[in-house]
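upload.cif follows (mmCIF, N, CA and C atoms):
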```cif
data_my_file
#
loop_
_atom_site.group_PDB
_atom_site.id
_atom_site.type_symbol
_atom_site.label_atom_id
_atom_site.label_comp_id
_atom_site.auth_asym_id
_atom_site.auth_seq_id
_atom_site.Cartn_x
_atom_site.Cartn_y
_atom_site.Cartn_z
ATOM 1 N N MET Z 20 88.661 122.164 199.995
ATOM 2 C CA MET Z 20 89.947 121.521 200.136
ATOM 3 C C MET Z 20 91.042 122.516 199.763
ATOM 4 N N GLU Z 21 92.036 122.642 200.596
ATOM 5 C CA GLU Z 21 93.165 123.511 200.316
ATOM 6 C C GLU Z 21 94.045 122.879 199.250
ATOM 7 N N LYS Z 22 94.798 123.734 198.576
ATOM 8 C CA LYS Z 22 95.636 123.262 197.476
ATOM 9 C C LYS Z 22 96.696 122.275 197.915
ATOM 10 N N ASN Z 23 97.136 122.348 199.169
ATOM 11 C CA ASN Z 23 98.193 121.454 199.617
ATOM 12 C C ASN Z 23 97.676 120.339 200.526
ATOM 13 N N ASP Z 24 96.363 120.167 200.651
ATOM 14 C CA ASP Z 24 95.816 119.111 201.501
ATOM 15 C C ASP Z 24 96.290 117.730 201.079
ATOM 16 N N VAL Z 25 96.267 117.440 199.797
ATOM 17 C CA VAL Z 25 96.646 116.119 199.314
ATOM 18 C C VAL Z 25 98.114 115.867 199.630
ATOM 19 N N ARG Z 26 98.952 116.838 199.338
ATOM 20 C CA ARG Z 26 100.392 116.679 199.596
ATOM 21 C C ARG Z 26 100.649 116.441 201.079
ATOM 22 N N ARG Z 27 100.044 117.260 201.922
ATOM 23 C CA ARG Z 27 100.263 117.111 203.369
ATOM 24 C C ARG Z 27 99.650 115.823 203.914
ATOM 25 N N ARG Z 28 98.490 115.461 203.410
ATOM 26 C CA ARG Z 28 97.844 114.220 203.860
ATOM 27 C C ARG Z 28 98.739 113.026 203.580
ATOM 28 N N GLN Z 29 99.479 113.074 202.485
ATOM 29 C CA GLN Z 29 100.373 111.978 202.112
ATOM 30 C C GLN Z 29 101.764 112.121 202.732
ATOM 31 N N GLY Z 30 101.972 113.217 203.488
ATOM 32 C CA GLY Z 30 103.245 113.412 204.166
ATOM 33 C C GLY Z 30 104.399 113.738 203.239
ATOM 34 N N LEU Z 31 104.088 114.419 202.122
ATOM 35 C CA LEU Z 31 105.120 114.750 201.144
ATOM 36 C C LEU Z 31 105.571 116.195 201.292
ATOM 37 N N THR Z 32 106.832 116.437 201.002
ATOM 38 C CA THR Z 32 107.317 117.810 200.917
ATOM 39 C C THR Z 32 107.002 118.325 199.520
ATOM 40 N N GLN Z 33 107.118 119.627 199.344
ATOM 41 C CA GLN Z 33 106.921 120.196 198.005
ATOM 42 C C GLN Z 33 107.930 119.600 197.024
ATOM 43 N N ALA Z 34 109.169 119.433 197.467
ATOM 44 C CA ALA Z 34 110.216 118.886 196.585
ATOM 45 C C ALA Z 34 109.904 117.452 196.178
ATOM 46 N N GLN Z 35 109.427 116.646 197.118
ATOM 47 C CA GLN Z 35 109.084 115.258 196.795
ATOM 48 C C GLN Z 35 107.941 115.183 195.787
ATOM 49 N N LEU Z 36 106.904 115.993 196.014
ATOM 50 C CA LEU Z 36 105.777 116.011 195.081
ATOM 51 C C LEU Z 36 106.226 116.491 193.708
ATOM 52 N N ALA Z 37 107.050 117.521 193.687
ATOM 53 C CA ALA Z 37 107.549 118.050 192.419
ATOM 54 C C ALA Z 37 108.311 116.976 191.647
ATOM 55 N N GLN Z 38 109.156 116.247 192.332
ATOM 56 C CA GLN Z 38 109.943 115.198 191.662
ATOM 57 C C GLN Z 38 109.026 114.116 191.100
ATOM 58 N N ARG Z 39 108.054 113.681 191.880
ATOM 59 C CA ARG Z 39 107.117 112.645 191.425
ATOM 60 C C ARG Z 39 106.279 113.125 190.237
ATOM 61 N N ALA Z 40 105.926 114.426 190.217
ATOM 62 C CA ALA Z 40 105.056 114.959 189.171
ATOM 63 C C ALA Z 40 105.839 115.470 187.964
ATOM 64 N N GLY Z 41 107.167 115.473 188.059
ATOM 65 C CA GLY Z 41 107.974 115.928 186.931
ATOM 66 C C GLY Z 41 108.002 117.433 186.775
ATOM 67 N N THR Z 42 107.984 118.133 187.893
ATOM 68 C CA THR Z 42 108.064 119.588 187.854
ATOM 69 C C THR Z 42 109.073 120.026 188.901
ATOM 70 N N THR Z 43 109.048 121.295 189.289
ATOM 71 C CA THR Z 43 110.015 121.790 190.263
ATOM 72 C C THR Z 43 109.317 122.242 191.539
ATOM 73 N N GLN Z 44 110.084 122.317 192.616
ATOM 74 C CA GLN Z 44 109.538 122.752 193.905
ATOM 75 C C GLN Z 44 109.007 124.180 193.834
ATOM 76 N N PRO Z 45 109.706 125.127 193.154
ATOM 77 C CA PRO Z 45 109.143 126.487 193.082
ATOM 78 C C PRO Z 45 107.772 126.533 192.388
ATOM 79 N N VAL Z 46 107.542 125.640 191.433
ATOM 80 C CA VAL Z 46 106.235 125.587 190.764
ATOM 81 C C VAL Z 46 105.171 125.122 191.754
ATOM 82 N N ILE Z 47 105.491 124.100 192.546
ATOM 83 C CA ILE Z 47 104.546 123.618 193.560
ATOM 84 C C ILE Z 47 104.247 124.734 194.560
ATOM 85 N N SER Z 48 105.281 125.436 195.000
ATOM 86 C CA SER Z 48 105.100 126.553 195.928
ATOM 87 C C SER Z 48 104.196 127.631 195.324
ATOM 88 N N ALA Z 49 104.419 127.949 194.059
ATOM 89 C CA ALA Z 49 103.596 128.964 193.388
ATOM 90 C C ALA Z 49 102.135 128.525 193.331
ATOM 91 N N TYR Z 50 101.879 127.238 193.063
ATOM 92 C CA TYR Z 50 100.503 126.734 193.059
ATOM 93 C C TYR Z 50 99.886 126.872 194.447
ATOM 94 N N GLU Z 51 100.627 126.464 195.465
ATOM 95 C CA GLU Z 51 100.085 126.462 196.818
ATOM 96 C C GLU Z 51 99.868 127.869 197.380
ATOM 97 N N HIS Z 52 100.612 128.838 196.907
ATOM 98 C CA HIS Z 52 100.463 130.210 197.393
ATOM 99 C C HIS Z 52 99.601 131.071 196.467
ATOM 100 N N GLY Z 53 99.003 130.453 195.446
ATOM 101 C CA GLY Z 53 98.079 131.163 194.575
ATOM 102 C C GLY Z 53 98.738 132.091 193.567
ATOM 103 N N ARG Z 54 100.037 131.947 193.361
ATOM 104 C CA ARG Z 54 100.711 132.784 192.369
ATOM 105 C C ARG Z 54 100.560 132.206 190.962
ATOM 106 N N ARG Z 55 100.224 130.935 190.887
ATOM 107 C CA ARG Z 55 99.951 130.263 189.612
ATOM 108 C C ARG Z 55 98.797 129.305 189.836
ATOM 109 N N ASP Z 56 98.082 129.004 188.761
ATOM 110 C CA ASP Z 56 96.998 128.023 188.829
ATOM 111 C C ASP Z 56 97.286 126.898 187.856
ATOM 112 N N PRO Z 57 97.275 125.656 188.345
ATOM 113 C CA PRO Z 57 97.505 124.540 187.423
ATOM 114 C C PRO Z 57 96.272 124.305 186.562
ATOM 115 N N GLY Z 58 96.490 123.869 185.344
ATOM 116 C CA GLY Z 58 95.374 123.445 184.510
ATOM 117 C C GLY Z 58 94.856 122.105 185.018
ATOM 118 N N TYR Z 59 93.786 121.626 184.419
ATOM 119 C CA TYR Z 59 93.195 120.358 184.865
ATOM 120 C C TYR Z 59 94.189 119.214 184.783
ATOM 121 N N GLU Z 60 94.884 119.095 183.652
ATOM 122 C CA GLU Z 60 95.820 117.976 183.484
ATOM 123 C C GLU Z 60 96.942 118.019 184.513
ATOM 124 N N MET Z 61 97.486 119.209 184.779
ATOM 125 C CA MET Z 61 98.550 119.316 185.771
ATOM 126 C C MET Z 61 98.023 119.009 187.163
ATOM 127 N N LEU Z 62 96.818 119.481 187.469
ATOM 128 C CA LEU Z 62 96.219 119.183 188.768
ATOM 129 C C LEU Z 62 96.032 117.680 188.938
ATOM 130 N N ARG Z 63 95.538 117.033 187.893
ATOM 131 C CA ARG Z 63 95.364 115.574 187.936
ATOM 132 C C ARG Z 63 96.713 114.883 188.156
ATOM 133 N N LYS Z 64 97.722 115.340 187.463
ATOM 134 C CA LYS Z 64 99.068 114.770 187.578
ATOM 135 C C LYS Z 64 99.619 114.938 189.000
ATOM 136 N N LEU Z 65 99.407 116.120 189.584
ATOM 137 C CA LEU Z 65 99.883 116.370 190.947
ATOM 138 C C LEU Z 65 99.169 115.477 191.964
ATOM 139 N N VAL Z 66 97.858 115.365 191.826
ATOM 140 C CA VAL Z 66 97.085 114.542 192.756
ATOM 141 C C VAL Z 66 97.496 113.077 192.638
ATOM 142 N N GLU Z 67 97.661 112.601 191.410
ATOM 143 C CA GLU Z 67 98.083 111.215 191.217
ATOM 144 C C GLU Z 67 99.510 110.989 191.701
ATOM 145 N N ALA Z 68 100.377 111.986 191.542
ATOM 146 C CA ALA Z 68 101.749 111.869 192.029
ATOM 147 C C ALA Z 68 101.779 111.747 193.551
ATOM 148 N N ALA Z 69 100.758 112.286 194.202
ATOM 149 C CA ALA Z 69 100.658 112.190 195.654
ATOM 150 C C ALA Z 69 99.978 110.893 196.086
ATOM 151 N N GLY Z 70 99.547 110.083 195.113
ATOM 152 C CA GLY Z 70 98.952 108.797 195.446
ATOM 153 C C GLY Z 70 97.449 108.804 195.601
ATOM 154 N N GLU Z 71 96.800 109.845 195.111
ATOM 155 C CA GLU Z 71 95.342 109.907 195.170
ATOM 156 C C GLU Z 71 94.784 110.103 193.766
ATOM 157 N N ARG Z 72 93.460 110.105 193.669
ATOM 158 C CA ARG Z 72 92.817 110.257 192.365
ATOM 159 C C ARG Z 72 91.937 111.493 192.377
ATOM 160 N N LEU Z 73 92.019 112.285 191.316
ATOM 161 C CA LEU Z 73 91.192 113.485 191.181
ATOM 162 C C LEU Z 73 89.859 113.094 190.576
ATOM 163 N N ARG Z 74 88.772 113.576 191.189
ATOM 164 C CA ARG Z 74 87.439 113.304 190.668
ATOM 165 C C ARG Z 74 86.739 114.628 190.457
ATOM 166 N N LEU Z 75 86.126 114.779 189.308
ATOM 167 C CA LEU Z 75 85.414 115.994 188.961
ATOM 168 C C LEU Z 75 83.939 115.649 188.829
ATOM 169 N N ASP Z 76 83.092 116.346 189.601
ATOM 170 C CA ASP Z 76 81.650 116.109 189.555
ATOM 171 C C ASP Z 76 80.949 117.370 189.077
ATOM 172 N N ALA Z 77 79.932 117.177 188.267
ATOM 173 C CA ALA Z 77 79.096 118.299 187.839
ATOM 174 C C ALA Z 77 77.807 118.253 188.648
ATOM 175 N N VAL Z 78 77.400 119.402 189.151
ATOM 176 C CA VAL Z 78 76.160 119.484 189.917
ATOM 177 C C VAL Z 78 75.282 120.571 189.318
ATOM 178 N N SER Z 79 74.026 120.450 189.539
ATOM 179 C CA SER Z 79 73.080 121.424 189.024
ATOM 180 C C SER Z 79 73.340 122.785 189.638
ATOM 181 N N ALA Z 80 73.272 123.809 188.824
ATOM 182 C CA ALA Z 80 73.461 125.174 189.308
ATOM 183 C C ALA Z 80 72.118 125.804 189.652
ATOM 184 N N GLY Z 81 71.120 124.979 189.872
ATOM 185 C CA GLY Z 81 69.780 125.476 190.174
ATOM 186 C C GLY Z 81 69.739 126.288 191.450
ATOM 187 N N THR Z 82 68.685 127.010 191.614
ATOM 188 C CA THR Z 82 68.505 127.868 192.776
ATOM 189 C C THR Z 82 68.030 127.046 193.966
ATOM 190 N N ASP Z 83 68.300 127.535 195.147
ATOM 191 C CA ASP Z 83 67.832 126.868 196.368
ATOM 192 C C ASP Z 83 66.350 127.133 196.614
ATOM 193 N N LEU Z 84 65.825 128.159 195.986
ATOM 194 C CA LEU Z 84 64.452 128.579 196.215
ATOM 195 C C LEU Z 84 63.555 128.051 195.091
ATOM 196 N N PRO Z 85 62.544 127.258 195.426
ATOM 197 C CA PRO Z 85 61.636 126.777 194.373
ATOM 198 C C PRO Z 85 60.811 127.929 193.807
ATOM 199 N N PRO Z 86 60.282 127.779 192.605
ATOM 200 C CA PRO Z 86 59.464 128.846 192.032
ATOM 201 C C PRO Z 86 58.229 129.106 192.903
ATOM 202 N N PRO Z 87 57.713 130.323 192.857
ATOM 203 C CA PRO Z 87 56.531 130.626 193.686
ATOM 204 C C PRO Z 87 55.347 129.745 193.294
ATOM 205 N N ALA Z 88 54.590 129.359 194.310
ATOM 206 C CA ALA Z 88 53.448 128.467 194.079
ATOM 207 C C ALA Z 88 52.271 129.184 193.429
ATOM 208 N N ASP Z 89 52.147 130.484 193.704
ATOM 209 C CA ASP Z 89 51.017 131.227 193.154
ATOM 210 C C ASP Z 89 51.390 132.712 193.046
ATOM 211 N N VAL Z 90 50.444 133.497 192.557
ATOM 212 C CA VAL Z 90 50.684 134.919 192.341
ATOM 213 C C VAL Z 90 50.934 135.646 193.672
ATOM 214 N N GLU Z 91 50.234 135.229 194.719
ATOM 215 C CA GLU Z 91 50.418 135.883 196.015
ATOM 216 C C GLU Z 91 51.834 135.671 196.554
ATOM 217 N N GLU Z 92 52.340 134.455 196.424
ATOM 218 C CA GLU Z 92 53.700 134.179 196.889
ATOM 219 C C GLU Z 92 54.711 134.963 196.041
ATOM 220 N N HIS Z 93 54.454 135.041 194.764
ATOM 221 C CA HIS Z 93 55.331 135.818 193.881
ATOM 222 C C HIS Z 93 55.355 137.283 194.334
ATOM 223 N N ALA Z 94 54.195 137.829 194.651
ATOM 224 C CA ALA Z 94 54.088 139.214 195.105
ATOM 225 C C ALA Z 94 54.816 139.412 196.435
ATOM 226 N N ARG Z 95 54.683 138.443 197.357
ATOM 227 C CA ARG Z 95 55.381 138.549 198.654
ATOM 228 C C ARG Z 95 56.896 138.571 198.449
ATOM 229 N N ARG Z 96 57.375 137.729 197.582
ATOM 230 C CA ARG Z 96 58.822 137.689 197.314
ATOM 231 C C ARG Z 96 59.293 139.011 196.709
ATOM 232 N N LEU Z 97 58.504 139.534 195.785
ATOM 233 C CA LEU Z 97 58.864 140.803 195.157
ATOM 234 C C LEU Z 97 58.906 141.919 196.199
ATOM 235 N N LEU Z 98 57.939 141.950 197.090
ATOM 236 C CA LEU Z 98 57.937 142.952 198.156
ATOM 237 C C LEU Z 98 59.153 142.791 199.073
ATOM 238 N N ASP Z 99 59.534 141.556 199.356
ATOM 239 C CA ASP Z 99 60.723 141.316 200.183
ATOM 240 C C ASP Z 99 61.970 141.885 199.512
ATOM 241 N N VAL Z 100 62.105 141.640 198.231
ATOM 242 C CA VAL Z 100 63.266 142.140 197.490
ATOM 243 C C VAL Z 100 63.267 143.663 197.472
ATOM 244 N N LEU Z 101 62.117 144.252 197.205
ATOM 245 C CA LEU Z 101 62.034 145.708 197.177
ATOM 246 C C LEU Z 101 62.300 146.313 198.551
ATOM 247 N N SER Z 102 61.848 145.645 199.615
ATOM 248 C CA SER Z 102 62.124 146.129 200.971
ATOM 249 C C SER Z 102 63.616 146.077 201.268
ATOM 250 N N LEU Z 103 64.268 145.028 200.837
ATOM 251 C CA LEU Z 103 65.718 144.935 201.022
ATOM 252 C C LEU Z 103 66.430 146.046 200.257
ATOM 253 N N ALA Z 104 65.982 146.293 199.039
ATOM 254 C CA ALA Z 104 66.592 147.354 198.228
ATOM 255 C C ALA Z 104 66.413 148.706 198.906
ATOM 256 N N ASP Z 105 65.256 148.942 199.496
ATOM 257 C CA ASP Z 105 65.013 150.211 200.200
ATOM 258 C C ASP Z 105 65.884 150.342 201.441
ATOM 259 N N ALA Z 106 66.272 149.211 202.035
ATOM 260 C CA ALA Z 106 67.067 149.244 203.260
ATOM 261 C C ALA Z 106 68.538 149.570 202.991
ATOM 262 N N ILE Z 107 68.965 149.477 201.759
ATOM 263 C CA ILE Z 107 70.352 149.794 201.426
ATOM 264 C C ILE Z 107 70.527 151.302 201.485
ATOM 265 N N PRO Z 108 71.501 151.759 202.277
ATOM 266 C CA PRO Z 108 71.685 153.210 202.379
ATOM 267 C C PRO Z 108 72.049 153.812 201.022
ATOM 268 N N ARG Z 109 71.460 154.941 200.744
ATOM 269 C CA ARG Z 109 71.738 155.624 199.485
ATOM 270 C C ARG Z 109 72.966 156.492 199.646
ATOM 271 N N ARG Z 110 73.767 156.548 198.630
ATOM 272 C CA ARG Z 110 74.938 157.415 198.631
ATOM 273 C C ARG Z 110 74.530 158.753 198.067
ATOM 274 N N ARG Z 111 74.708 159.772 198.852
ATOM 275 C CA ARG Z 111 74.334 161.107 198.385
ATOM 276 C C ARG Z 111 75.353 161.584 197.365
ATOM 277 N N PRO Z 112 74.897 162.206 196.297
ATOM 278 C CA PRO Z 112 75.848 162.711 195.302
ATOM 279 C C PRO Z 112 76.708 163.825 195.890
ATOM 280 N N ASP Z 113 77.951 163.863 195.454
ATOM 281 C CA ASP Z 113 78.877 164.893 195.896
ATOM 282 C C ASP Z 113 78.392 166.234 195.347
ATOM 283 N N PRO Z 114 78.204 167.258 196.207
ATOM 284 C CA PRO Z 114 77.688 168.537 195.716
ATOM 285 C C PRO Z 114 78.683 169.280 194.830
ATOM 286 N N VAL Z 115 79.953 168.909 194.897
ATOM 287 C CA VAL Z 115 80.971 169.577 194.092
ATOM 288 C C VAL Z 115 81.271 168.704 192.873
ATOM 289 N N LEU Z 116 81.199 169.284 191.709
ATOM 290 C CA LEU Z 116 81.498 168.555 190.485
ATOM 291 C C LEU Z 116 83.004 168.338 190.395
ATOM 292 N N ARG Z 117 83.421 167.103 190.348
ATOM 293 C CA ARG Z 117 84.837 166.773 190.264
ATOM 294 C C ARG Z 117 85.193 166.531 188.805
ATOM 295 N N ALA Z 118 86.194 167.222 188.329
ATOM 296 C CA ALA Z 118 86.645 167.057 186.932
ATOM 297 C C ALA Z 118 88.162 167.197 186.913
ATOM 298 N N PRO Z 119 88.797 166.565 185.967
ATOM 299 C CA PRO Z 119 90.254 166.687 185.893
ATOM 300 C C PRO Z 119 90.648 168.118 185.533
ATOM 301 N N LEU Z 120 91.772 168.538 186.024
ATOM 302 C CA LEU Z 120 92.304 169.861 185.746
ATOM 303 C C LEU Z 120 92.970 169.811 184.379
ATOM 304 N N LEU Z 121 92.527 170.641 183.466
ATOM 305 C CA LEU Z 121 93.103 170.672 182.125
ATOM 306 C C LEU Z 121 94.111 171.811 182.046
ATOM 307 N N VAL Z 122 95.286 171.471 181.651
ATOM 308 C CA VAL Z 122 96.354 172.473 181.527
ATOM 309 C C VAL Z 122 96.852 172.442 180.100
ATOM 310 N N SER Z 123 96.904 173.612 179.486
ATOM 311 C CA SER Z 123 97.449 173.662 178.120
ATOM 312 C C SER Z 123 98.771 174.408 178.156
ATOM 313 N N ARG Z 124 99.609 174.074 177.253
ATOM 314 C CA ARG Z 124 100.928 174.729 177.204
ATOM 315 C C ARG Z 124 101.046 175.573 175.980
#
```
Could I get this structure in the form of structure tokens?
Amino acid sequence: MEKNDVRRRQGLTQAQLAQRAGTTQPVISAYEHGRRDPGYEMLRKLVEAAGERLRLDAVSAGTDLPPPADVEEHARRLLDVLSLADAIPRRRPDPVLRAPLLVSR
């Protein structure tokens, strides 16, 4: 969801939302353009000022991949990871040693 979806969905201008939320239009603009981030309470206040309700859900941060069923599957996964690592091009070291120029006076 974009930062201004709620405001636009309700057909509000930045100035109207700012007035309802008890802030200023430049603050709303800064939030919408990513120059500032509202805290949770301010975000809740803005959403409610637009006539909607903010809901926060917690979800498991678990992995999409279940644990390996056996040692063979574990080995196959490890080989896959190592093969991917081998496929990444290596950066050759610069043959010239780069160091800052030291000047004394």
Report the residues retrieved by the PyMOL selection byres (((chain Z and resi 23-40 and name CA) around 10) and name CA) from the displayed file, expressed as a compact mmCIF listing (two decimals) with N, CA and C atoms, in the frame of the given file.
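Output file out01.txt follows:
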```
# COMPACT_ATOMS: atom_id res chain seq x y z
N MET Z 20 88.66 122.16 200.00
CA MET Z 20 89.95 121.52 200.14
C MET Z 20 91.04 122.52 199.76
N GLU Z 21 92.04 122.64 200.60
CA GLU Z 21 93.16 123.51 200.32
C GLU Z 21 94.04 122.88 199.25
N LYS Z 22 94.80 123.73 198.58
CA LYS Z 22 95.64 123.26 197.48
C LYS Z 22 96.70 122.28 197.92
N GLY Z 41 107.17 115.47 188.06
CA GLY Z 41 107.97 115.93 186.93
C GLY Z 41 108.00 117.43 186.78
N THR Z 42 107.98 118.13 187.89
CA THR Z 42 108.06 119.59 187.85
C THR Z 42 109.07 120.03 188.90
N THR Z 43 109.05 121.30 189.29
CA THR Z 43 110.02 121.79 190.26
C THR Z 43 109.32 122.24 191.54
N GLN Z 44 110.08 122.32 192.62
CA GLN Z 44 109.54 122.75 193.90
C GLN Z 44 109.01 124.18 193.83
N PRO Z 45 109.71 125.13 193.15
CA PRO Z 45 109.14 126.49 193.08
C PRO Z 45 107.77 126.53 192.39
N VAL Z 46 107.54 125.64 191.43
CA VAL Z 46 106.24 125.59 190.76
C VAL Z 46 105.17 125.12 191.75
N ILE Z 47 105.49 124.10 192.55
CA ILE Z 47 104.55 123.62 193.56
C ILE Z 47 104.25 124.73 194.56
N SER Z 48 105.28 125.44 195.00
CA SER Z 48 105.10 126.55 195.93
C SER Z 48 104.20 127.63 195.32
N TYR Z 50 101.88 127.24 193.06
CA TYR Z 50 100.50 126.73 193.06
C TYR Z 50 99.89 126.87 194.45
N GLU Z 51 100.63 126.46 195.46
CA GLU Z 51 100.08 126.46 196.82
C GLU Z 51 99.87 127.87 197.38
N HIS Z 52 100.61 128.84 196.91
CA HIS Z 52 100.46 130.21 197.39
C HIS Z 52 99.60 131.07 196.47
N MET Z 61 97.49 119.21 184.78
CA MET Z 61 98.55 119.32 185.77
C MET Z 61 98.02 119.01 187.16
N LEU Z 62 96.82 119.48 187.47
CA LEU Z 62 96.22 119.18 188.77
C LEU Z 62 96.03 117.68 188.94
N ARG Z 63 95.54 117.03 187.89
CA ARG Z 63 95.36 115.57 187.94
C ARG Z 63 96.71 114.88 188.16
N LYS Z 64 97.72 115.34 187.46
CA LYS Z 64 99.07 114.77 187.58
C LYS Z 64 99.62 114.94 189.00
N LEU Z 65 99.41 116.12 189.58
CA LEU Z 65 99.88 116.37 190.95
C LEU Z 65 99.17 115.48 191.96
N VAL Z 66 97.86 115.36 191.83
CA VAL Z 66 97.08 114.54 192.76
C VAL Z 66 97.50 113.08 192.64
N GLU Z 67 97.66 112.60 191.41
CA GLU Z 67 98.08 111.22 191.22
C GLU Z 67 99.51 110.99 191.70
N ALA Z 68 100.38 111.99 191.54
CA ALA Z 68 101.75 111.87 192.03
C ALA Z 68 101.78 111.75 193.55
N ALA Z 69 100.76 112.29 194.20
CA ALA Z 69 100.66 112.19 195.65
C ALA Z 69 99.98 110.89 196.09
N GLY Z 70 99.55 110.08 195.11
CA GLY Z 70 98.95 108.80 195.45
C GLY Z 70 97.45 108.80 195.60
N GLU Z 71 96.80 109.84 195.11
CA GLU Z 71 95.34 109.91 195.17
C GLU Z 71 94.78 110.10 193.77
N ARG Z 72 93.46 110.10 193.67
CA ARG Z 72 92.82 110.26 192.36
C ARG Z 72 91.94 111.49 192.38
```
Kindly give the distance, in Å, that separates atom N of Z:Ala106 and atom CA of Z:Ala80, rounded to a single decimal.
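These atoms are spaced 28.1 Å apart.
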Using Å and a single decimal, report how far atom CA of Z:Ala94 sits from atom C of Z:Arg109.
26.0 Å
As a ChimeraX atom specification, please: every residue in chain Z that DSSP puts in alpha helix (DSSP H).
/Z:24-28,33-40,44-51,59-68,90-106
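For the pair atom C of Z:Leu73 and atom N of Z:Asp56, the separation is 18.0 Å.
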